[in-house]
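One structure is given below, encoded as structure tokens.
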Amino acid sequence: MAIEKTFDAAEAEPRIAEMWETDGCFQAGANASKGADSYCIVIPPPNVTGSLHMGHALNNTLQDILIRWKRMQGFDVLWQPGQDHAGIATQMVVERKLAAEGSESRRDMGRAKFLEKVWAWKEESGDTIIGQLKRLGASCDWSRNRFTMDEGLSAAVRKVFVQLFKEGLIYKDKRLVNWDPHFETAISDLEVELVEVAPSKSGGKLWRFRYPLADGVTYEYREALSRDEDGNVTEWSEPETRDYLVVATTRPETMLGDSGVAVHPDDERYKDLVGKEVLLPLVNRRIPIVADDYADQTKGTGAVKMTPAHDFNDFQVGKRQNLRLVNVMTTRAAIWLKDNPDFLEGAEPEADAMALDGLDRFDARQKVIELLDARGLYDGADDNPHEVPHGDRSKVVIEPYLTDQWFVDAHTLAQPALEAVRSGETVFAPQNWEKTYFQWLDNIEPWCVSRQLWWGHQIPVWYGPDGHAFCEETEKEAQTAAKKHYNKKTKVPLTRDEDVLDTWFSSALWPFSTLGWPAQTPELQRYYKTDVLVTGFDIIFFWVARMMMMGKHFMKDAKGAPEAPFHTVYVHALVRDEQGKKMSKSLGNVIDPLELIDQFGADAVRFTLTSMAAMGRDIKLAVSRVEGYRNFGTKLWNAARFCEMNGCARDAKFDPSRVEQSVNRWIVGETARAREACDAALASYRFNDYAAALYNHVWRVFCDWYLELSKPLLQSEEDPTAKAETQATAAWALDQILLLMHPVSPFLTEELWRVTTGEATRKKPLVHGDWPTYSANEFADEDTDEEMQWVIRLIEEIRSVRSEMNAPPSAKVPLVLVGASPAVEARMQRNEAQVMRLARLESWEMKDAAPKGAVAVAVEEATACLVLADVIDVAAERKRLEKALAKAQKEAGGIEKKLSNESFLAKAPLEVVEEQRERLEAAKGDIARLGAALERLAEMG
RNA sequence: GGGCGCGUAGCUCAGUGGGAGAGCACUACGUUGACAUCGUAGGGGUCGCUGGUUCAAUCCCAGCCGCGCCCACCA
């Protein structure tokens, strides 16, 4: 079968993908050797309605490399795929879609109908990402695909929730949470991102207000003008009689919910005011002045207004100081005063204040400043740029908000998860991420897992008429529990908790829920604990840490000890644009991996990402790199064509350890070295080293040298034995390349595997090829390596000289070797056809002296003299020789200096000293030969 | 404020206690029917700065300068 002129990725990739799939090549255990160990990776589940971006492309390429590598090695491999329901993100997308279609809103249609719409959207778009992963070549066991809202995984969620509830590790609590006023739901700390706010009319400032003291109280106010090193005041300002306190705030509108003012107990300025009260402006509520360490004398005015219902710190202070919680906002962060009992109690709000009701918080902020200003209570403002929390999805300012929510006792669950990494049960690669992991888990806060959304796992809690919570996996069980609790025989009216769980709650169970848990399936027995998790560092907290917590809590090893979900967590970088910026739609710098695949083929995209996946560094992706690696694929393709044209057919009986020709012996050794390099790189997750080893071996070694050197053997009939051996060796070496390269470039290599069958047929597709195990110890030999290095060096030197002396490439020139030992002469004889062809020689001979008019180049112990033309450019040749001489002299000088240093000789390891001596000798030889050549040149005049 | 990381060729990045590397870009030249998605040759770096450890530092340590990211109470 003749190989096509070029590889048509667009045609071949879908065809090959289909072949793999219909033949079940990716199924768990496919190609497993007898009694093989398992090797399992669970995919980081992409959003079910999402589409493939560069991060996915990188993440899944790396996983696929490991999976294909292990599968070829004969492991019992499972790459478990699946998708995530992505609560907020998906609900957001569907709501947006409804709005765009002009259909009724989520609230108008109600929960059941809305969920129908989401499921419909999931059915419609859910396979998109799977198709895209397949285009990338991801060899997941697609027959085992899972979705976080599948019945099985939902059962796992319910079981985990109920068990944690019964263990007291999940509880309901009324406290401040991060509230997203856009989605009207609580979110976790992790879903909050801080955004710098520059000073403007509406934010980024510190406003000061005067709060009048109640009951006509006055005090002598003075300010610290200077302090000593310990912070003690050394100079006070003149005292001033005041009947008010000045408070500073970045959020004026929250003053409506103030229930106290805090000062530091040691603050001289306000000492006498503690226990007194101020009359809250506009609201006319009496609120206490309390002493609390939280107040910082050096910040603001030292007196800080307390709004325990709208500020996390104030909440804490309020608890300590018994301050009231006055919530003054709706779930959409509008001011809420009318019919607000907490607000109205103990207050006599002015009409102007009540007029704020219903205003958006930022409009209210302006209004409050104006109203206070009109009353002479505005005391100015300073610029105060600071970071404000925003919702990572909604991008609106997050409100600390007082609600009932469900929390997971993350602190308790974190301890075994920490221990798992501390003990080495699970290791991170690169290891420095362990520190990040420890730091977060060591300081972990309760995890708010309830969401006021509709798309997700509804919380398995039912409430009785008196509000008692029954947490059971089914309503039936809840009913049973309720009957028992209320001691009733008849049906108890129960209402289910409306909320759903944080998406990451179900993701946290992923490594075992996908394997069938809570059922004790064979897959769970076989593949848990999984081998490696491949993920980006941006979800170490969101996902990795939580999987560790849940895995350690729910899973047990054979001895009954808690078992972590992974042996290794490999953390890769983020893919950024060429300038190093995060790819984002708003910046317009997104590179679509599918477009790259269309343009260059999946293998080129995969190879590019792999070659750039050095540990601990972000990937700045340039399209030119992809093009370069597409060319690399083409190069290999053409090399295969060359082999085919020269009758390099596979020979099943070929024994690489028995070849005789130098070039063949050499490539066999080089191949073994490449195999070792690939394995070493992959075993240590050094993906870029793997790619570099392949690139170098295929292009620089196999194509540039081996194929070139083999041409005289292949294209001559002089020595049929040597020719046959070379044909077999080339075919073997190419096969090895296909095997070694398959994990990163599966399509191209599978296609070449198919079309280079030769006379023997392939027993299996390449995806199930047998990964080689030979070593350089077996195949490489020192003499051959030295010989080929010499040959290559000689050819390079001659080419270099020719080029520098402007010898026309078409001209064949005679070579004279001077000063060569018999061993070197034998080398030359063994490789004369190769040297003559690649160096474009007309003839070669040994002589004792250099011929007149020849240019000389030192090649180890010999001098290669090229008789270039009748007349050579003496000046140019002198320049060239002098340059080479200077280089050699510089090197010799450096080494001599080192070798004359006695401490070097005394303290450096012997082999280092020996190496330096050898290098000096070589340099001295070069100097002598180049010097001689210069002398001859001088004789010529 | 705490933590992590990065500064090596024009660009993007590997790398190592003892001879500075790759890809791309650039320059010159194109001979041999695998390949112009190519070949051959070439130019280009005081490895951020300053000290220290060492026989030896681009590499280890400290400090500094510059840049990035993560975490952390919005007075």
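Please note that chains go A, B, ... in the order of the structure tokens, that every chain numbers its residues from 1, and that ligands are numbered from 1 in the order shown.
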
Residues near U8 (chain B), cut-off 8 Å, only C-alpha atoms (C1' of nucleotides), skip fewer than 3 positions along chain, as a VMD selection string: chain B and resid 45 47 58

Let me see the file: selected residues, N, CA and C atoms (P, O5', C5', C4', C3', O3' and C1' of nucleotides), as a PDB file, in the first residue's frame.
```pdb
ATOM      1  P     G B  45      25.917  38.164  21.844  1.00  0.00           P
ATOM      2  O5'   G B  45      25.079  37.660  23.088  1.00  0.00           O
ATOM      3  C5'   G B  45      23.907  38.367  23.522  1.00  0.00           C
ATOM      4  C4'   G B  45      23.390  37.699  24.753  1.00  0.00           C
ATOM      5  C3'   G B  45      24.361  37.644  25.927  1.00  0.00           C
ATOM      6  O3'   G B  45      24.219  38.809  26.719  1.00  0.00           O
ATOM      7  C1'   G B  45      23.223  35.559  25.627  1.00  0.00           C
ATOM      8  P     C B  47      25.779  36.014  32.605  1.00  0.00           P
ATOM      9  O5'   C B  47      24.335  35.414  32.344  1.00  0.00           O
ATOM     10  C5'   C B  47      23.190  36.254  32.196  1.00  0.00           C
ATOM     11  C4'   C B  47      21.987  35.359  32.336  1.00  0.00           C
ATOM     12  C3'   C B  47      21.644  35.052  33.785  1.00  0.00           C
ATOM     13  O3'   C B  47      20.266  35.359  33.978  1.00  0.00           O
ATOM     14  C1'   C B  47      21.950  33.038  32.542  1.00  0.00           C
ATOM     15  P     U B  58      28.290  31.894  37.307  1.00  0.00           P
ATOM     16  O5'   U B  58      26.846  31.961  36.659  1.00  0.00           O
ATOM     17  C5'   U B  58      25.891  32.905  37.069  1.00  0.00           C
ATOM     18  C4'   U B  58      24.515  32.352  36.859  1.00  0.00           C
ATOM     19  C3'   U B  58      24.131  31.248  37.830  1.00  0.00           C
ATOM     20  O3'   U B  58      23.551  31.793  38.989  1.00  0.00           O
ATOM     21  C1'   U B  58      23.662  30.567  35.590  1.00  0.00           C
TER      22        U B  58
END
```

Would you mind writing down, as a ChimeraX atom specification, each residue of region 112-310 of chain A that DSSP on the backbone assigns to strand (DSSP E or B)? /A:146-147,170-180,185-187,192-197,205-213,219-221,224-227,233-236,240-242,244-249,260-263,277-280,285-291,304-306

What are the closest atom pairs, with distances in Å to one decimal, for all residues of chain B lying within 9 Å of chain A? Consider only C-alpha atoms (C1' of nucleotides), order rows by chain and residue number, and present the result as JSON lines.
```
{"residue": "B:G3", "atom": "C1'", "partner": "A:Thr436", "partner_atom": "CA", "distance": 7.5}
{"residue": "B:C4", "atom": "C1'", "partner": "A:Thr436", "partner_atom": "CA", "distance": 7.5}
{"residue": "B:G5", "atom": "C1'", "partner": "A:Gly616", "partner_atom": "CA", "distance": 7.6}
{"residue": "B:C6", "atom": "C1'", "partner": "A:Arg617", "partner_atom": "CA", "distance": 8.2}
{"residue": "B:U12", "atom": "C1'", "partner": "A:Lys620", "partner_atom": "CA", "distance": 7.2}
{"residue": "B:C13", "atom": "C1'", "partner": "A:Met612", "partner_atom": "CA", "distance": 7.7}
{"residue": "B:A14", "atom": "C1'", "partner": "A:Ala614", "partner_atom": "CA", "distance": 8.0}
{"residue": "B:G18", "atom": "C1'", "partner": "A:Val912", "partner_atom": "CA", "distance": 6.8}
{"residue": "B:G19", "atom": "C1'", "partner": "A:Arg919", "partner_atom": "CA", "distance": 8.4}
{"residue": "B:A22", "atom": "C1'", "partner": "A:Ala692", "partner_atom": "CA", "distance": 8.3}
{"residue": "B:G23", "atom": "C1'", "partner": "A:Arg625", "partner_atom": "CA", "distance": 7.5}
{"residue": "B:C24", "atom": "C1'", "partner": "A:Arg625", "partner_atom": "CA", "distance": 6.9}
{"residue": "B:C29", "atom": "C1'", "partner": "A:Ser803", "partner_atom": "CA", "distance": 7.9}
{"residue": "B:G30", "atom": "C1'", "partner": "A:Pro809", "partner_atom": "CA", "distance": 7.5}
{"residue": "B:U31", "atom": "C1'", "partner": "A:Ser810", "partner_atom": "CA", "distance": 4.6}
{"residue": "B:U32", "atom": "C1'", "partner": "A:Arg837", "partner_atom": "CA", "distance": 7.6}
{"residue": "B:A34", "atom": "C1'", "partner": "A:Phe642", "partner_atom": "CA", "distance": 3.9}
{"residue": "B:C35", "atom": "C1'", "partner": "A:Asn638", "partner_atom": "CA", "distance": 5.2}
{"residue": "B:U37", "atom": "C1'", "partner": "A:Asn631", "partner_atom": "CA", "distance": 4.6}
{"residue": "B:C38", "atom": "C1'", "partner": "A:Lys635", "partner_atom": "CA", "distance": 8.7}
{"residue": "B:U40", "atom": "C1'", "partner": "A:Arg799", "partner_atom": "CA", "distance": 7.5}
{"residue": "B:A41", "atom": "C1'", "partner": "A:Ser803", "partner_atom": "CA", "distance": 5.7}
{"residue": "B:G42", "atom": "C1'", "partner": "A:Glu804", "partner_atom": "CA", "distance": 8.8}
{"residue": "B:C55", "atom": "C1'", "partner": "A:Phe904", "partner_atom": "CA", "distance": 3.9}
{"residue": "B:A56", "atom": "C1'", "partner": "A:Phe904", "partner_atom": "CA", "distance": 7.6}
{"residue": "B:C70", "atom": "C1'", "partner": "A:Thr436", "partner_atom": "CA", "distance": 8.4}
{"residue": "B:C71", "atom": "C1'", "partner": "A:Trp440", "partner_atom": "CA", "distance": 7.8}
{"residue": "B:C73", "atom": "C1'", "partner": "A:Asn313", "partner_atom": "CA", "distance": 6.1}
{"residue": "B:C74", "atom": "C1'", "partner": "A:Val388", "partner_atom": "CA", "distance": 5.7}
{"residue": "B:A75", "atom": "C1'", "partner": "A:Thr249", "partner_atom": "CA", "distance": 4.8}
```

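Distance-wise, CA of Ala602 (chain A) and CA of Met19 (chain A) end up 16.3 Å apart.
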
Residue list (helix (DSSP H, G or I), DSSP) for region 78-185 of chain A, as a ChimeraX atom specification: /A:87-101,106-109,111-125,128-136,142-144,151-166

Using only C-alpha atoms: which of A:Leu934, A:Ala864, A:Ala674, A:Ala86 has the shortest distance to Glu882 (chain A): A:Leu934

When distances are computed from only C-alpha atoms, which of A:Asn443, A:Asn327, A:Thr426, A:Thr218 shows the smallest separation from His411 (chain A)? A:Asn443

Which distance in Å separates CA of Ala10 (chain A) and CA of Asp598 (chain A), to one decimal? 6.9 Å

Looking at only C-alpha atoms, which of A:Ala198, A:Ala823, A:Leu164, A:Ala99 is the one that sits closest to Phe554 (chain A)? A:Leu164

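Minimum atom-to-atom distance to C26 (chain B), evaluated using only C-alpha atoms (C1' of nucleotides), belongs to B:C11 out of B:C59, B:C11, B:A72, B:C49.
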